[in-house]
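Encoded as structure tokens, the structure appears first; notes follow it.
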Amino acid sequence: MKRWIALAAAAAFAACTQPAEKAEAPPPVSVPAPSGEYRLDPNHSTLVVRAPHFGLSSYQLRFNTLSGALNFDAENPARSSVAITVDTTSLDTPYTGQTDFDAQLQNSEWLDSATHPTATFRSTSVQQTGPRTAFVAGDLTIRGITRPARFDVTYNGSWRQHPAGPPISGIGFSARGTIRRSEYGLTVLQPTTGPNSGVADEIELVLEAEFNRPIADAPVPPPDREPVN
Amino acid sequence: MRASIVALTILISGCTTAAGDGDRPPPFTGTNAVAAAVAELPAYPTSVDLPAGTYRLDPRHATVIFRIRHIGLAWFTARFDAEAGELTLDPEDPSRSRLTASVDANSVNTGILNRNGERAFDRQVARALGAERTQHVTFTSTAIERTGAHTARLTGNLTMNGQTHPATFDVTFAGAAVDPLRGGRTVLGFSAYGVIDRTHWGVSEWSAFAGPEVQIVIEAEFVKS
């Protein structure tokens with residue numbers, strides 16, 4: 001039995017290393033994940049914000065609490081849509097000084113998290129730019145101010161069923177975009193004497209996002225249990 | 001037996017996602033400089049004098065994050081909260097500069113809390129990094145090769161989990177400033193991006209779910225001592 005498994009494993013490896021079929025055009029990306037509504041997996045998704053400081057380095061901070069939904073169209077990915085919500089009170093820097101830097105960045109001068117506890121993005125269009133890349137444009141709302149924003153998105157991979165067995169499909173993306181914080185009323189410490197002063201107006205958002213959905217034709221769970229999501 | 005089948009399933013499903021790996025997202029910081037032969041090295045991107053000598057990493061203006069591929073879907077991103085570094089700068093010949101830097105493996109911070117609001121997962125990651133054997137993951141430069149006007153390839157020895165192996169970073173020197181808020185001292189700003197294979201250091205925990213490749217993204221300011 002052990003030997004059979006070893007053989008099967010070897011065959012699986014060989015399948016991996018087989019060269020792609022010859023074709024005139026680059027082979028289309030095969031997407032194992034089915035169409036449907038997906039939910040953002042909060043434990044495997046991360047949002048980093050990079051803010052250039054004095055033209056010297058980009059300070060990297062994080063938002064720890066994200067949620068979101070993806071309506072994925074596997075046949076025509078450009079017809080997919082996505083909505084992401086960021087809990088602005090989950091802002092998290094590694095700062096360990098005397099002052100509470102996280103709280104400072106949430107005060108009324110900055111994110112004003114007490115009044116605006118969420119920031120949201122809702123896509124309005126998806127324009128494919130390559131076999132696995134797209135521009136995703138939409139409405140970004142920060143501090144209650146909505147402006148158009150665009151992200152460069154890369155499709156990383158997906159599976160019809162989670163490799164460890166749970167009856168869920170998964171799909172993952174990397175997204176990057178640059179916004180002008182002044183457009184959202186974030187005008188504190190704007191550069192005053194050239195690019196090498198203050199905190200840059202243009203800041204970068206880097207999102208790594210995984211989405212899951214229950215497999216529709218998976219065995220029906222016992223009636224006393226809620227479906228696992 | 002059951003474990004073998006699970007392993008096999010993972011192996012096979014790994015194939016389906018591995019198909020896309022030739023088409024990786026671009027480097028995180030975009031600092032992969034073209035290593036053109038620079039006949040006359042252009043000036044640094046600063047008008048500030050660069051005094052030779054020792055500069056210390058300013059932990060309040062430095063962030064160290066790392067990214068690791070999770071089941072082929074995304075680059076899970078975490079960070080180290082405690083870091084230190086010392087740069088000995090030779091502004092005449094930057095290739096003769098030296099850098100030592102470290103992060104505290106126990107300061108790893110994923111932002112993930114358990115149901116009781118505890119950082120149990122961070123402790124697991126620290127153990128996986130070998131924090132009990134080597135608390136401070138250290139990097140000591142062995143070679144600095146200038147690749148452009150303000151870029152360099154930084155090679156050194158990285159010690160983690162009781163093992164030392166070479167690691168290379170692409171570094172961008174963003175510029176310098178004399179900062180009144182930091183005692184009127186000269187401050188240097190750098191971005192660094194490097195990729196290591198964690199299994200070289202024997203860090204192979206969760207290899208069924210997390211890739212061997214680790215992207216390291218460092219943004220750091222150094223203040224003249």
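For the structure tokens, the naming scheme is as follows: chains receive sequential letters (A, B, ...) according to their order of presentation, residues are indexed from 1 within each chain, and ligands are indexed from 1 in presentation order.
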Compile a residue-level contact table for chain A against chain B at a cut-off of 6 Å, reporting for every qualifying residue the shortest atom pair and its distance in Å to one decimal, with only C-alpha atoms counted, rows ordered by chain and ascending number, as CSV.
```
residue,atom,partner,partner_atom,distance
A:Ala12,CA,B:Ile12,CA,5.8
A:Cys16,CA,B:Cys15,CA,5.3
A:Leu56,CA,B:Gly189,CA,4.1
A:Ser57,CA,B:Gly189,CA,5.3
A:Ser58,CA,B:Glu219,CA,5.9
A:Asn64,CA,B:Gly111,CA,5.7
A:Pro94,CA,B:Asp81,CA,5.1
A:Asn156,CA,B:Leu73,CA,5.4
A:Gly157,CA,B:Leu73,CA,5.0
A:Pro163,CA,B:Ile10,CA,5.1
A:Gly172,CA,B:Leu73,CA,4.1
A:Phe173,CA,B:Ala74,CA,5.9
A:Glu208,CA,B:Ala74,CA,5.6
```
So that I can see what lies close to B:Glu86, please list as a PyMOL selection string the residues with an atom at most 12 Å from it, counting only C-alpha atoms and leaving out residues fewer than 5 positions away in the same chain. chain B and resi 53-59+97-102+138-141+188+220-225
Generate a file of the selected residues that holds N, CA and C atoms, formatted as a PDB file, in the first residue's frame.
```
ATOM      1  N   GLY B  53      30.761  57.108   9.201  1.00  0.00           N
ATOM      2  CA  GLY B  53      30.674  56.677  10.593  1.00  0.00           C
ATOM      3  C   GLY B  53      29.458  55.815  10.860  1.00  0.00           C
ATOM      4  N   THR B  54      29.111  55.752  12.120  1.00  0.00           N
ATOM      5  CA  THR B  54      28.095  54.809  12.575  1.00  0.00           C
ATOM      6  C   THR B  54      26.712  55.460  12.609  1.00  0.00           C
ATOM      7  N   TYR B  55      25.758  54.737  12.059  1.00  0.00           N
ATOM      8  CA  TYR B  55      24.355  55.149  12.104  1.00  0.00           C
ATOM      9  C   TYR B  55      23.565  54.020  12.767  1.00  0.00           C
ATOM     10  N   ARG B  56      22.619  54.423  13.619  1.00  0.00           N
ATOM     11  CA  ARG B  56      21.796  53.407  14.277  1.00  0.00           C
ATOM     12  C   ARG B  56      20.376  53.422  13.719  1.00  0.00           C
ATOM     13  N   LEU B  57      19.826  52.221  13.571  1.00  0.00           N
ATOM     14  CA  LEU B  57      18.446  52.103  13.112  1.00  0.00           C
ATOM     15  C   LEU B  57      17.512  52.795  14.102  1.00  0.00           C
ATOM     16  N   ASP B  58      16.596  53.591  13.575  1.00  0.00           N
ATOM     17  CA  ASP B  58      15.604  54.278  14.394  1.00  0.00           C
ATOM     18  C   ASP B  58      14.356  53.400  14.445  1.00  0.00           C
ATOM     19  N   PRO B  59      14.143  52.693  15.563  1.00  0.00           N
ATOM     20  CA  PRO B  59      13.057  51.701  15.582  1.00  0.00           C
ATOM     21  C   PRO B  59      11.673  52.324  15.424  1.00  0.00           C
ATOM     22  N   SER B  97      30.930  49.898   3.155  1.00  0.00           N
ATOM     23  CA  SER B  97      30.076  50.075   4.326  1.00  0.00           C
ATOM     24  C   SER B  97      29.751  48.711   4.926  1.00  0.00           C
ATOM     25  N   ARG B  98      29.303  48.711   6.170  1.00  0.00           N
ATOM     26  CA  ARG B  98      28.947  47.452   6.820  1.00  0.00           C
ATOM     27  C   ARG B  98      27.615  47.612   7.543  1.00  0.00           C
ATOM     28  N   LEU B  99      26.864  46.520   7.589  1.00  0.00           N
ATOM     29  CA  LEU B  99      25.560  46.551   8.248  1.00  0.00           C
ATOM     30  C   LEU B  99      25.397  45.322   9.121  1.00  0.00           C
ATOM     31  N   THR B 100      24.933  45.549  10.334  1.00  0.00           N
ATOM     32  CA  THR B 100      24.429  44.431  11.134  1.00  0.00           C
ATOM     33  C   THR B 100      23.007  44.801  11.549  1.00  0.00           C
ATOM     34  N   ALA B 101      22.118  43.838  11.513  1.00  0.00           N
ATOM     35  CA  ALA B 101      20.724  44.110  11.867  1.00  0.00           C
ATOM     36  C   ALA B 101      20.110  42.859  12.464  1.00  0.00           C
ATOM     37  N   SER B 102      19.099  43.052  13.278  1.00  0.00           N
ATOM     38  CA  SER B 102      18.453  41.892  13.888  1.00  0.00           C
ATOM     39  C   SER B 102      16.988  42.182  14.172  1.00  0.00           C
ATOM     40  N   THR B 138      19.611  37.407  13.107  1.00  0.00           N
ATOM     41  CA  THR B 138      20.583  38.472  12.816  1.00  0.00           C
ATOM     42  C   THR B 138      21.090  38.376  11.390  1.00  0.00           C
ATOM     43  N   PHE B 139      21.447  39.535  10.864  1.00  0.00           N
ATOM     44  CA  PHE B 139      22.016  39.641   9.524  1.00  0.00           C
ATOM     45  C   PHE B 139      23.299  40.449   9.623  1.00  0.00           C
ATOM     46  N   THR B 140      24.373  39.905   9.062  1.00  0.00           N
ATOM     47  CA  THR B 140      25.664  40.604   9.055  1.00  0.00           C
ATOM     48  C   THR B 140      26.136  40.685   7.617  1.00  0.00           C
ATOM     49  N   SER B 141      26.350  41.886   7.133  1.00  0.00           N
ATOM     50  CA  SER B 141      26.704  42.042   5.722  1.00  0.00           C
ATOM     51  C   SER B 141      28.093  41.475   5.454  1.00  0.00           C
ATOM     52  N   LEU B 188      19.399  58.674   7.345  1.00  0.00           N
ATOM     53  CA  LEU B 188      19.433  57.999   6.044  1.00  0.00           C
ATOM     54  C   LEU B 188      18.204  57.105   5.927  1.00  0.00           C
ATOM     55  N   ALA B 220      13.529  51.343   6.515  1.00  0.00           N
ATOM     56  CA  ALA B 220      14.282  51.691   7.719  1.00  0.00           C
ATOM     57  C   ALA B 220      14.984  53.035   7.571  1.00  0.00           C
ATOM     58  N   GLU B 221      14.981  53.789   8.676  1.00  0.00           N
ATOM     59  CA  GLU B 221      15.768  55.012   8.747  1.00  0.00           C
ATOM     60  C   GLU B 221      16.863  54.819   9.783  1.00  0.00           C
ATOM     61  N   PHE B 222      18.044  55.321   9.446  1.00  0.00           N
ATOM     62  CA  PHE B 222      19.199  55.214  10.332  1.00  0.00           C
ATOM     63  C   PHE B 222      19.656  56.623  10.708  1.00  0.00           C
ATOM     64  N   VAL B 223      19.941  56.813  12.010  1.00  0.00           N
ATOM     65  CA  VAL B 223      20.318  58.132  12.527  1.00  0.00           C
ATOM     66  C   VAL B 223      21.794  58.115  12.905  1.00  0.00           C
ATOM     67  N   LYS B 224      22.516  59.162  12.504  1.00  0.00           N
ATOM     68  CA  LYS B 224      23.949  59.265  12.810  1.00  0.00           C
ATOM     69  C   LYS B 224      24.156  59.247  14.320  1.00  0.00           C
ATOM     70  N   SER B 225      25.066  58.405  14.755  1.00  0.00           N
ATOM     71  CA  SER B 225      25.345  58.311  16.199  1.00  0.00           C
ATOM     72  C   SER B 225      26.146  59.535  16.654  1.00  0.00           C
TER      73      SER B 225
END
```
Residue nearest A:Glu183 - candidates A:Ala200, A:Ala51, A:Val86, A:Ile145, atoms counted: only C-alpha atoms: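 When distances to A:Glu183 are compared using only C-alpha atoms, the smallest one comes from A:Ile145.
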Just asking: which residues within stretch 59-197 of chain B are alpha helix (DSSP H) according to DSSP, as a list in words?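 Taking stretch 59-197 of chain B and keeping alpha helix (DSSP H) only, one gets Ala120, Phe121, Asp122, Arg123, Gln124, Val125, Ala126, Arg127 and Ala128 of chain B.
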Can you tell me, as number ranges by chain, which residues in stretch 98-197 of chain B count as strand (DSSP E or B) by DSSP? B: 98-104, 108-109, 136-146, 151-160, 163-179, 185-197
Near B:Thr159, counting only C-alpha atoms, which residues have an atom at most 6 Å away, once you skip same-chain residues fewer than 2 positions from it, shown as a list in words?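 Contacts, in chain order: Val137, Thr138, Gln163 and Thr164 of chain B.
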Would you output that residue set with C-alpha atoms, as a compact mmCIF listing (two decimals), in the first residue's frame?
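Contents of again_31.txt, as written:
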```txt
# COMPACT_ATOMS: atom_id res chain seq x y z
CA VAL B 137 17.45 36.61 13.92
CA THR B 138 20.58 38.47 12.82
CA GLN B 163 21.77 28.05 11.44
CA THR B 164 23.67 30.60 9.38
```
Quick one: residues within 6 Å of B:Gln215, only C-alpha atoms counted, chain neighbours fewer than 5 positions away excluded, as a compact mmCIF listing (two decimals) with C-alpha atoms, in the first residue's frame?
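To be explicit, this is the file written out as result17.txt:
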```
# COMPACT_ATOMS: atom_id res chain seq x y z
CA PHE B 66 7.47 39.31 5.72
CA ARG B 67 5.17 37.58 3.29
CA GLY B 194 14.89 40.01 -0.23
CA VAL B 195 13.60 36.49 -0.68
```
Rounded to one decimal in Å, what is the spacing between atom CA of A:Ala134 and atom CA of A:Ala78?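 Calculated distance between atom CA of A:Ala134 and atom CA of A:Ala78 is 8.2 Å.
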Env of A:Thr133: 9 Å cut, atoms = only C-alpha atoms, seq-sep filter 5 positions within chain, self excluded. Answer as a list of chain:residue names.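 My reading of the contact set: A:Gln127, A:Gln128, A:Asp152, A:Val153, A:Thr154, A:Tyr155.
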Output file for the selection above: N, CA and C atoms, as an mmCIF file, in the first residue's frame:
```cif
data_model
loop_
_atom_site.group_PDB
_atom_site.id
_atom_site.type_symbol
_atom_site.label_atom_id
_atom_site.label_comp_id
_atom_site.auth_asym_id
_atom_site.auth_seq_id
_atom_site.Cartn_x
_atom_site.Cartn_y
_atom_site.Cartn_z
ATOM 1 N N GLN A 127 -11.323 45.362 -15.381
ATOM 2 C CA GLN A 127 -10.786 45.366 -16.738
ATOM 3 C C GLN A 127 -9.578 44.438 -16.764
ATOM 4 N N GLN A 128 -9.695 43.335 -17.482
ATOM 5 C CA GLN A 128 -8.587 42.386 -17.518
ATOM 6 C C GLN A 128 -7.413 42.978 -18.278
ATOM 7 N N ASP A 152 -4.421 47.513 -8.938
ATOM 8 C CA ASP A 152 -3.833 46.479 -9.787
ATOM 9 C C ASP A 152 -4.006 45.158 -9.061
ATOM 10 N N VAL A 153 -4.692 44.238 -9.688
ATOM 11 C CA VAL A 153 -5.013 42.983 -9.006
ATOM 12 C C VAL A 153 -4.405 41.815 -9.772
ATOM 13 N N THR A 154 -3.803 40.904 -9.024
ATOM 14 C CA THR A 154 -3.258 39.669 -9.598
ATOM 15 C C THR A 154 -4.013 38.483 -9.014
ATOM 16 N N TYR A 155 -4.517 37.644 -9.891
ATOM 17 C CA TYR A 155 -5.113 36.379 -9.455
ATOM 18 C C TYR A 155 -3.972 35.414 -9.144
#
```
Distance atom CA of A:Trp110-atom CA of A:Leu186, one decimal place?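 Taking atom CA of A:Trp110 as the start and atom CA of A:Leu186 as the end point, the length is 5.8 Å.
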May I have the residues within 9 Å of A:Ser80 as a ChimeraX atom specification, using only C-alpha atoms and disregarding those fewer than 3 positions away in the same chain? /A:35,70-74,76-77,123,125-126
With only C-alpha atoms as the basis for distance, which of A:Asp139, A:Asp112, A:Asp100, A:Glu204 is at the shortest distance from A:Leu47?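 Closest to A:Leu47, using only C-alpha atoms: A:Glu204.
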Determine, counting only C-alpha atoms, which protein, DNA and RNA residues have an atom within 7 Å of an atom of A:Arg62; residues of the same chain fewer than 3 positions away are not included. Present the result as a PyMOL selection string. chain A and resi 47-49+91-93
Got time to write the residues from that selection, C-alpha atoms, as a PDB file, in the first residue's frame?
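And here's out.pdb as it stands now:
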```pdb
ATOM      1  CA  LEU A  47      -3.980  44.927   4.446  1.00  0.00           C
ATOM      2  CA  VAL A  48      -0.764  46.927   4.678  1.00  0.00           C
ATOM      3  CA  VAL A  49      -0.602  50.688   4.132  1.00  0.00           C
ATOM      4  CA  LEU A  91      -5.274  50.138  12.778  1.00  0.00           C
ATOM      5  CA  ASP A  92      -2.078  48.615  14.131  1.00  0.00           C
ATOM      6  CA  THR A  93       1.468  49.988  14.025  1.00  0.00           C
TER       7      THR A  93
END
```
